[in-house]
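Text of protein05.cif, listed as mmCIF, C-alpha atoms:
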```
data_run
#
loop_
_atom_site.label_atom_id
_atom_site.label_comp_id
_atom_site.auth_asym_id
_atom_site.auth_seq_id
_atom_site.Cartn_x
_atom_site.Cartn_y
_atom_site.Cartn_z
CA MET A 25 33.81 -13.83 -14.54
CA LYS A 26 36.48 -13.76 -11.81
CA LYS A 27 36.99 -10.44 -10.06
CA VAL A 28 40.48 -9.00 -9.50
CA VAL A 29 41.26 -6.00 -7.31
CA ILE A 30 44.55 -4.45 -8.39
CA GLY A 31 46.65 -1.94 -6.47
CA MET A 32 46.92 1.14 -8.68
CA SER A 33 49.93 3.25 -7.71
CA GLY A 34 49.77 5.86 -10.46
CA GLY A 35 52.83 4.35 -12.12
CA VAL A 36 53.33 2.61 -15.44
CA ASP A 37 53.73 -0.90 -14.00
CA SER A 38 50.35 -1.12 -12.27
CA SER A 39 48.75 0.63 -15.25
CA VAL A 40 49.92 -2.06 -17.66
CA ALA A 41 49.14 -4.81 -15.16
CA ALA A 42 45.52 -3.63 -15.15
CA ILE A 43 45.41 -3.67 -18.95
CA LEU A 44 46.75 -7.23 -19.08
CA LEU A 45 44.16 -8.41 -16.57
CA LYS A 46 41.36 -6.92 -18.68
CA GLN A 47 42.78 -8.62 -21.78
CA GLN A 48 42.74 -11.93 -19.90
CA GLY A 49 39.01 -11.56 -19.26
CA TYR A 50 38.94 -10.61 -15.58
CA ASP A 51 36.50 -8.17 -14.00
CA VAL A 52 39.07 -5.60 -12.86
CA ILE A 53 38.72 -3.07 -10.05
CA GLY A 54 41.43 -0.55 -9.17
CA LEU A 55 42.29 0.37 -5.58
CA PHE A 56 44.57 3.28 -4.71
CA MET A 57 46.26 3.11 -1.29
CA ARG A 58 47.10 6.24 0.64
CA ASN A 59 49.73 5.09 3.13
CA TRP A 60 51.29 8.39 4.17
CA ASP A 61 49.90 11.81 5.03
CA SER A 62 51.96 13.97 2.69
CA THR A 63 50.67 17.17 4.31
CA ILE A 64 52.26 16.46 7.71
CA ASN A 65 55.43 18.44 7.03
CA ASN A 66 54.41 20.14 3.78
CA ASP A 67 57.95 19.63 2.55
CA PHE A 68 56.71 19.25 -1.00
CA LEU A 69 55.51 22.86 -1.07
CA GLY A 70 57.60 25.21 -3.13
CA ASN A 71 59.26 22.38 -5.04
CA PRO A 72 59.88 23.84 -8.52
CA ASN A 73 59.47 20.37 -10.06
CA LEU A 74 55.85 20.14 -8.91
CA GLU A 75 53.13 21.79 -10.94
CA ASN A 76 50.72 23.91 -8.89
CA ASN A 77 52.33 22.58 -5.67
CA ILE A 78 50.33 19.33 -5.91
CA CYS A 79 51.96 16.78 -3.63
CA PRO A 80 53.34 13.67 -5.36
CA GLN A 81 50.78 11.41 -3.69
CA GLU A 82 47.84 13.37 -5.10
CA GLU A 83 49.54 13.50 -8.46
CA ASP A 84 49.85 9.70 -8.37
CA TYR A 85 46.16 9.35 -7.52
CA ASN A 86 45.18 11.66 -10.37
CA ASP A 87 47.31 9.62 -12.80
CA ALA A 88 45.80 6.36 -11.54
CA LEU A 89 42.32 7.82 -12.00
CA LYS A 90 43.10 8.90 -15.58
CA VAL A 91 44.42 5.42 -16.41
CA CYS A 92 41.38 3.69 -14.94
CA GLU A 93 39.01 5.98 -16.82
CA LYS A 94 40.90 5.35 -20.05
CA ILE A 95 40.85 1.56 -19.81
CA GLY A 96 37.34 1.43 -18.37
CA ILE A 97 37.68 0.18 -14.81
CA PRO A 98 36.48 1.73 -11.53
CA LEU A 99 38.97 3.14 -9.02
CA HIS A 100 38.44 3.10 -5.28
CA ARG A 101 40.59 4.89 -2.73
CA ILE A 102 41.47 3.75 0.78
CA ASP A 103 43.56 5.21 3.61
CA PHE A 104 46.05 2.98 5.42
CA VAL A 105 47.87 5.86 7.10
CA LYS A 106 47.43 4.54 10.65
CA GLU A 107 48.33 0.97 9.68
CA TYR A 108 51.44 2.19 7.92
CA TRP A 109 52.51 4.31 10.87
CA ASP A 110 51.98 1.49 13.37
CA HIS A 111 53.49 -1.41 11.42
CA VAL A 112 56.13 0.20 9.21
CA PHE A 113 57.17 3.72 10.14
CA LEU A 114 57.64 3.25 13.89
CA TYR A 115 59.77 0.17 13.21
CA PHE A 116 61.78 2.18 10.69
CA LEU A 117 62.54 4.90 13.24
CA ASP A 118 63.37 2.39 15.98
CA GLU A 119 65.89 0.62 13.75
CA LEU A 120 67.56 3.89 12.80
CA LYS A 121 67.89 4.80 16.48
CA LYS A 122 69.77 1.52 16.96
CA GLY A 123 72.16 2.43 14.15
CA ARG A 124 70.82 -0.30 11.89
CA THR A 125 69.73 -0.14 8.25
CA PRO A 126 66.03 -1.08 7.98
CA ASN A 127 64.12 -1.97 4.83
CA PRO A 128 60.59 -0.51 5.20
CA ASP A 129 59.51 -1.64 1.72
CA ILE A 130 59.58 -5.27 2.87
CA LEU A 131 57.34 -4.48 5.84
CA CYS A 132 55.02 -2.43 3.65
CA ASN A 133 54.41 -5.47 1.48
CA LYS A 134 53.91 -7.77 4.48
CA TYR A 135 51.56 -5.60 6.52
CA ILE A 136 49.95 -3.20 4.04
CA LYS A 137 49.91 -4.34 0.40
CA PHE A 138 49.32 -8.02 1.15
CA ALA A 139 47.40 -7.70 4.44
CA ALA A 140 45.35 -4.54 4.95
CA PHE A 141 44.89 -4.25 1.18
CA VAL A 142 43.63 -7.85 0.96
CA GLU A 143 40.95 -7.23 3.58
CA GLU A 144 39.71 -4.20 1.65
CA ALA A 145 39.78 -6.19 -1.61
CA LYS A 146 37.60 -8.88 -0.02
CA LYS A 147 35.01 -6.22 0.79
CA LEU A 148 34.91 -5.47 -2.94
CA GLY A 149 34.29 -9.14 -3.72
CA ALA A 150 37.76 -9.99 -5.00
CA ASP A 151 38.58 -13.52 -6.13
CA TYR A 152 42.19 -12.42 -6.65
CA ILE A 153 44.40 -9.46 -5.84
CA ALA A 154 47.06 -8.14 -8.19
CA THR A 155 49.95 -5.68 -8.11
CA GLY A 156 52.46 -4.25 -10.53
CA HIS A 157 55.42 -6.00 -8.90
CA TYR A 158 58.05 -7.61 -11.08
CA ALA A 159 57.64 -11.15 -9.80
CA ARG A 160 55.83 -14.37 -10.69
CA CYS A 161 53.57 -16.68 -8.74
CA GLN A 162 53.20 -20.33 -9.70
CA ASP A 163 50.99 -22.70 -7.71
CA GLY A 164 51.34 -20.40 -4.72
CA LEU A 165 55.14 -20.27 -5.00
CA LEU A 166 57.09 -17.05 -5.53
CA LEU A 167 59.41 -16.89 -8.54
CA ARG A 168 61.79 -14.27 -9.88
CA ALA A 169 60.58 -11.99 -12.66
CA VAL A 170 61.66 -12.56 -16.24
CA ASP A 171 63.34 -9.14 -16.18
CA SER A 172 66.20 -9.86 -13.76
CA ASN A 173 67.13 -6.18 -13.61
CA LYS A 174 63.68 -5.26 -12.26
CA ASP A 175 62.95 -8.38 -10.19
CA GLN A 176 61.30 -7.41 -6.88
CA THR A 177 61.09 -10.75 -5.08
CA TYR A 178 63.63 -9.41 -2.56
CA PHE A 179 60.93 -7.05 -1.27
CA LEU A 180 58.33 -9.84 -1.21
CA SER A 181 60.42 -12.25 0.84
CA GLN A 182 58.43 -11.82 4.07
CA LEU A 183 55.13 -12.86 2.50
CA SER A 184 53.68 -16.11 3.84
CA ALA A 185 52.34 -18.97 1.76
CA ASN A 186 48.86 -17.85 2.75
CA GLN A 187 49.51 -14.30 1.54
CA LEU A 188 50.69 -15.63 -1.81
CA LYS A 189 47.44 -17.48 -2.44
CA ASN A 190 45.20 -15.93 -5.08
CA VAL A 191 47.83 -13.32 -6.01
CA LEU A 192 48.52 -12.27 -9.60
CA PHE A 193 51.64 -10.50 -10.88
CA PRO A 194 50.61 -9.69 -14.48
CA ILE A 195 53.88 -8.07 -15.60
CA GLY A 196 56.21 -10.69 -14.13
CA GLU A 197 56.66 -12.30 -17.54
CA LEU A 198 57.60 -9.03 -19.25
CA GLU A 199 60.71 -6.92 -19.66
CA LYS A 200 60.40 -3.32 -18.53
CA SER A 201 60.78 -2.14 -22.12
CA GLU A 202 57.74 -4.23 -23.11
CA VAL A 203 55.72 -2.67 -20.30
CA ARG A 204 56.56 0.81 -21.58
CA LYS A 205 55.57 -0.15 -25.13
CA ILE A 206 52.15 -1.40 -24.01
CA ALA A 207 51.55 1.82 -22.07
CA GLU A 208 52.55 3.90 -25.10
CA ALA A 209 50.27 1.86 -27.38
CA TYR A 210 47.35 2.71 -25.08
CA ASP A 211 48.50 6.34 -24.86
CA LEU A 212 48.48 6.24 -21.07
CA VAL A 213 49.45 9.28 -19.02
CA THR A 214 51.90 7.02 -17.15
CA ALA A 215 53.65 5.69 -20.27
CA LYS A 216 56.75 7.83 -19.85
CA LYS A 217 56.42 8.53 -16.14
CA LYS A 218 59.67 8.16 -14.24
CA ASP A 219 59.97 5.12 -11.99
CA SER A 220 59.78 5.83 -8.28
CA THR A 221 63.17 5.35 -6.63
CA GLY A 222 62.60 6.65 -3.11
CA ILE A 223 61.76 4.79 0.07
CA CYS A 224 58.08 3.82 -0.08
CA PHE A 225 56.68 6.57 2.17
CA ILE A 226 59.39 9.19 1.64
CA GLY A 227 59.33 9.00 -2.15
CA GLU A 228 61.53 11.51 -3.91
CA ARG A 229 61.94 13.80 -0.90
CA ASN A 230 65.24 14.82 0.62
CA PHE A 231 65.90 11.96 3.05
CA ARG A 232 67.97 14.04 5.45
CA GLU A 233 65.45 16.87 5.67
CA PHE A 234 62.58 14.42 6.08
CA LEU A 235 64.18 12.56 8.99
CA LYS A 236 64.88 15.78 10.88
CA ASN A 237 61.16 15.91 11.62
CA TYR A 238 61.33 12.67 13.60
CA LEU A 239 64.87 12.04 14.82
CA PRO A 240 67.40 14.53 16.21
CA CYS A 241 70.36 15.03 13.91
CA GLN A 242 73.66 15.05 15.79
CA GLU A 243 76.94 15.60 14.00
CA GLY A 244 80.01 13.75 15.22
CA ASP A 245 83.57 12.69 14.53
CA MET A 246 84.58 10.60 11.55
CA ILE A 247 87.58 8.43 12.40
CA ASN A 248 89.85 6.33 10.21
CA ILE A 249 89.65 2.85 11.71
CA VAL A 250 93.21 2.02 10.62
CA THR A 251 95.10 5.14 11.71
CA LYS A 252 92.67 6.10 14.53
CA GLU A 253 92.89 9.68 13.26
CA LYS A 254 89.96 12.06 13.17
CA ILE A 255 89.60 12.98 9.52
CA GLY A 256 86.31 14.88 9.44
CA ARG A 257 82.75 15.16 10.68
CA HIS A 258 79.66 13.12 9.88
CA ILE A 259 76.16 14.61 9.60
CA GLY A 260 74.41 12.01 11.81
CA LEU A 261 74.95 8.25 12.17
CA MET A 262 71.44 7.43 10.93
CA TYR A 263 72.36 8.71 7.46
CA TYR A 264 75.08 6.07 6.93
CA THR A 265 75.06 2.36 6.33
CA ILE A 266 77.93 -0.13 6.30
CA GLY A 267 79.70 -0.04 2.95
CA GLN A 268 78.40 3.42 2.06
CA ARG A 269 80.65 5.69 0.02
CA LYS A 270 78.27 8.54 -0.79
CA GLY A 271 78.79 11.59 1.38
CA LEU A 272 82.32 10.59 2.42
CA ASP A 273 84.30 12.52 -0.20
CA ILE A 274 86.26 14.71 2.19
CA GLY A 275 89.58 14.72 0.32
CA GLY A 276 93.06 14.11 1.69
CA THR A 277 92.96 10.32 1.27
CA LYS A 278 94.63 8.15 -1.35
CA GLU A 279 91.52 6.06 -1.95
CA ARG A 280 87.78 6.50 -1.54
CA LEU A 281 86.40 6.21 1.98
CA PHE A 282 83.76 3.69 3.05
CA ALA A 283 81.71 3.49 6.24
CA VAL A 284 82.76 0.41 8.23
CA GLY A 285 81.29 0.92 11.71
CA LYS A 286 79.35 3.07 14.18
CA ASP A 287 79.90 3.86 17.86
CA LEU A 288 76.45 4.98 19.00
CA LYS A 289 77.46 5.94 22.54
CA ASN A 290 80.26 8.25 21.43
CA ASN A 291 78.58 9.23 18.14
CA ILE A 292 81.54 8.17 16.00
CA LEU A 293 81.48 7.02 12.39
CA TYR A 294 84.40 4.75 11.51
CA VAL A 295 85.65 4.69 7.93
CA ALA A 296 88.38 2.91 5.96
CA GLU A 297 90.04 3.53 2.62
CA GLY A 298 89.36 1.37 -0.43
CA GLU A 299 86.35 -0.71 -1.44
CA ASP A 300 88.29 -3.91 -0.74
CA ASN A 301 89.40 -3.01 2.78
CA PRO A 302 89.07 -6.01 5.17
CA TYR A 303 86.68 -4.19 7.51
CA LEU A 304 83.88 -4.53 4.95
CA TYR A 305 84.00 -8.33 4.74
CA SER A 306 82.44 -11.12 6.78
CA ASP A 307 81.79 -14.86 6.41
CA SER A 308 78.52 -15.49 8.27
CA CYS A 309 75.53 -13.79 9.83
CA LEU A 310 72.72 -14.48 12.26
CA VAL A 311 69.26 -14.10 10.70
CA SER A 312 66.09 -13.61 12.78
CA GLN A 313 62.38 -13.07 11.99
CA VAL A 314 62.71 -15.92 9.51
CA ASN A 315 59.89 -16.50 7.04
CA PHE A 316 59.58 -19.41 4.63
CA ASN A 317 56.77 -19.29 2.08
CA CYS A 318 57.04 -22.98 1.12
CA GLU A 319 58.05 -26.36 2.56
CA LYS A 320 61.62 -26.18 1.29
CA ARG A 321 64.29 -26.02 4.02
CA PRO A 322 67.60 -26.26 2.16
CA THR A 323 70.98 -26.49 3.85
CA SER A 324 72.57 -24.80 0.84
CA CYS A 325 71.09 -22.32 -1.61
CA MET A 326 71.65 -18.79 -2.93
CA ALA A 327 71.08 -15.56 -1.04
CA LYS A 328 70.96 -11.79 -1.46
CA PHE A 329 71.99 -9.51 1.40
CA ARG A 330 70.97 -6.34 -0.47
CA TYR A 331 68.56 -5.71 -3.30
CA ARG A 332 71.05 -4.91 -6.05
CA GLN A 333 73.63 -7.41 -4.86
CA GLU A 334 74.40 -10.52 -6.92
CA ASP A 335 73.35 -13.88 -5.52
CA GLN A 336 75.86 -15.58 -3.25
CA PRO A 337 76.05 -19.30 -2.46
CA VAL A 338 75.35 -19.92 1.24
CA THR A 339 75.05 -22.78 3.68
CA ILE A 340 72.36 -22.66 6.35
CA THR A 341 72.39 -23.94 9.92
CA TYR A 342 68.95 -24.10 11.52
CA LEU A 343 69.06 -23.02 15.16
CA GLU A 344 66.68 -24.23 17.87
CA ASN A 345 65.19 -20.77 18.44
CA GLY A 346 64.08 -20.51 14.82
CA ASN A 347 66.96 -18.27 13.73
CA LEU A 348 69.41 -19.14 10.99
CA LEU A 349 73.18 -19.05 10.83
CA VAL A 350 73.96 -18.23 7.21
CA SER A 351 77.55 -18.87 6.09
CA TYR A 352 79.20 -17.60 2.91
CA GLN A 353 82.56 -16.71 1.40
CA HIS A 354 83.86 -13.17 1.54
CA GLY A 355 80.54 -11.34 1.93
CA LYS A 356 80.78 -7.59 1.48
CA ALA A 357 78.93 -5.03 3.63
CA VAL A 358 76.49 -7.52 5.12
CA THR A 359 74.62 -5.16 7.43
CA PRO A 360 72.42 -5.55 10.55
CA GLY A 361 68.84 -4.55 9.84
CA GLN A 362 68.95 -5.46 6.18
CA ALA A 363 67.24 -8.54 4.74
CA CYS A 364 68.85 -11.86 3.92
CA VAL A 365 66.69 -13.30 1.14
CA LEU A 366 66.97 -16.95 0.12
CA TYR A 367 66.62 -18.42 -3.37
CA ASP A 368 66.40 -21.97 -4.69
CA GLY A 369 66.97 -21.50 -8.39
CA GLU A 370 64.16 -19.31 -9.72
CA PHE A 371 62.18 -19.63 -6.49
CA CYS A 372 62.35 -17.04 -3.73
CA ILE A 373 61.68 -19.23 -0.71
CA GLY A 374 61.80 -16.59 2.05
CA GLY A 375 64.23 -14.71 4.21
CA GLY A 376 64.78 -12.84 7.44
CA THR A 377 66.50 -9.90 9.12
CA ILE A 378 70.26 -9.76 9.65
CA GLU A 379 70.93 -9.41 13.38
CA GLU A 380 74.66 -9.98 13.80
CA VAL A 381 77.61 -10.39 11.45
CA TYR A 382 80.68 -12.61 12.02
CA LYS A 383 84.16 -13.16 10.67
CA ASP A 384 86.36 -16.12 11.63
CA GLY A 385 83.89 -16.97 14.39
CA GLU A 386 84.01 -13.52 15.98
CA LYS A 387 81.13 -11.04 16.02
CA LEU A 388 81.95 -7.91 14.05
CA TRP A 389 81.54 -4.62 15.88
CA TYR A 390 79.64 -2.85 13.09
CA LEU A 391 77.46 -1.35 15.78
CA LEU A 392 78.73 -0.41 19.23
CA PRO A 393 75.83 0.24 21.68
#
```

Starting from the coordinates I provided, produce the structure as structure tokens.
Amino acid sequence: MKKVVIGMSGGVDSSVAAILLKQQGYDVIGLFMRNWDSTINNDFLGNPNLENNICPQEEDYNDALKVCEKIGIPLHRIDFVKEYWDHVFLYFLDELKKGRTPNPDILCNKYIKFAAFVEEAKKLGADYIATGHYARCQDGLLLRAVDSNKDQTYFLSQLSANQLKNVLFPIGELEKSEVRKIAEAYDLVTAKKKDSTGICFIGERNFREFLKNYLPCQEGDMINIVTKEKIGRHIGLMYYTIGQRKGLDIGGTKERLFAVGKDLKNNILYVAEGEDNPYLYSDSCLVSQVNFNCEKRPTSCMAKFRYRQEDQPVTITYLENGNLLVSYQHGKAVTPGQACVLYDGEFCIGGGTIEEVYKDGEKLWYLLP
């Protein structure tokens, strides 16, 4: 009997993934990863939504334990707090200091869930590892999930071909509604548990309050890029990304305001009116830290520049230094620090980090040093 070590998060997706693996005849072992020390700032204490002031991480572990006991598999627990700090969190802070918009979930998958986790799984005798991601793996190739609304291949784009070997994604063939039904049929404690929507280590915490513990918050002027008028104050450049509308409802403008640029030296946030203002659009970008998980090297394919964004057709120029010049038509809010993820049909073939953004051959000044 082949042995599978599955990452149990305390959520419904990994719970059902474990059930499916048992049904398929595997010897299943659960492994709960503790990647963040939730007691550092104690900012969960006093939260009226938490019973008995139990931090969300411990609550997740307790739920994972209940699920494993119910379906009859062992659950181990491992700390990756140091690994997470070194490989994910410090990078996250450094990118924010530069005014960029990092994606820590991608790094978490690359360095923690499919690296440190794998080494621990090997110690437990694993033939395969599994997670509750909405994705599929076929002959070592990464494919989109059947449920396009939940597909998570964007966050798996930095995995290498070697990391994708012997990986199982049990729920990749299911719709989210089917996952819920299976959990309800087994009467799991996670059946109706709300999906996690926060950044991987921050979770459901207040993002602004959390960051105050690590980066100084400095308010500054908000300036209309068209009229050059000061129209308000921002709460700190690190809390804004290009194309953002939330938090910019200051009134006195005909249309909604959108963030279109940052001046780090002078601590200025530039905004423009209207979601179709020209300052939000570009036609190419430079992509670094490029990873391909297969032998395909297309000159044209589809790409996502943000998780919830629709695919866009792109053409790719391969540069001598290993970077890519990715060209497209009328791309909106393509932002330094975010991921450019490449797709060939159903296959997610890799991606990289957006370094610079261009329009008509000129570098856009999204970020002024």

Original post:
Of the residues A:Lys286, A:His111, A:Thr251, A:Tyr294, which is the one nearest to Leu272 in chain A, using all atoms listed in the file?
Top reply: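 Counting all atoms listed in the file, the residue closest to Leu272 in chain A is A:Tyr294.
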
Subject >> Pick from A:Ala169, A:Ile340, A:Leu366, A:Val203 nearest to Ala215 in chain A, counting all atoms listed in the file >> reply: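 Comparing A:Ala169, A:Ile340, A:Leu366, A:Val203 against Ala215 in chain A, the winner is A:Val203.
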
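The space between CA of Thr265 in chain A and CA of Ala283 in chain A spans 6.7 Å.
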
Which residues of range 198-264 of chain A sit at most 9 Å from range 170-185 of chain A, using all atoms listed in the file? Give each one's shortest atom pair and distance in Å (one decimal place), in chain and ascending residue order, as a tab-separated table.
```
residue	atom	partner	partner_atom	distance
A:Leu198	CA	A:Val170	CA	6.2
A:Glu199	CA	A:Asp171	CA	4.9
A:Lys200	CA	A:Asp171	CA	6.9
```

Subject >> Nearest to Gln362 in chain A by atom-to-atom distance, counting only C-alpha atoms, from A:Leu131, A:Leu349, A:Ile274, A:Leu192 >> reply: A:Leu131

Subject >> Picked residues, the PyMOL selection byres ((chain A and resi 129) around 12), as a PyMOL selection string >> reply: chain A and resi 59+108+111-113+115-116+126-128+130-137+176-182+221-227+331+362-363

Original post:
Looking at A:Phe316, A:Tyr238, A:Tyr352, A:Tyr342, which one is nearest to Asp368 in chain A, with distances taken over only C-alpha atoms?
Top reply: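 Closest to Asp368 in chain A, using only C-alpha atoms: A:Phe316.
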
**OP:** Enter the distance from CA of Leu392 in chain A to CA of Arg330 in chain A, in Å, rounded to one decimal.
**Re:** 22.0 Å

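For Arg204 in chain A, the non-local neighbours within 12 Å, defined as residues at least 3 positions apart in the same chain or in other chains and counting all atoms listed in the file, are Gly35, Val36, Asp37, Ser38, Ser39, Val40, Ala41, Ile195, Leu198, Glu199, Lys200, Ser201, Ala207, Glu208, Ala209, Tyr210, Asp211, Leu212, Val213, Thr214, Ala215, Lys216, Lys217, Lys218 and Asp219 of chain A.
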
Original post:
Which residue gives the smallest distance to Ile97 in chain A among A:Cys325, A:Ala140, A:Ala145, A:Val28, with all atoms listed in the file counted?
Top reply: A:Val28

Original post:
Residues picked by the PyMOL selection byres ((chain A and resi 25) around 10) here, as a ChimeraX atom specification?
Top reply: /A:26-28,49-52,151

Subject >> Chain and number of each residue from the PyMOL selection byres ((chain A and resi 385-390) around 12), as number ranges by chain >> reply: A: 122-125, 249, 264-267, 283-288, 292-295, 302-310, 349, 351, 357-361, 379-384, 391-393

**OP:** Between A:Lys106, A:Leu148, A:Gln353, A:Lys121, single out the one closest to Gln242 in chain A, counting only C-alpha atoms.
**Re:** A:Lys121

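For the pair CA of Arg280 in chain A and CA of Cys364 in chain A, the separation is 26.9 Å.
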
**OP:** Excluding Asp335 in chain A and residues on its chain fewer than 6 positions from it, collect all residues at most 6 Å away from it, counting only C-alpha atoms, and give them as a PyMOL selection string.
**Re:** chain A and resi 326-328
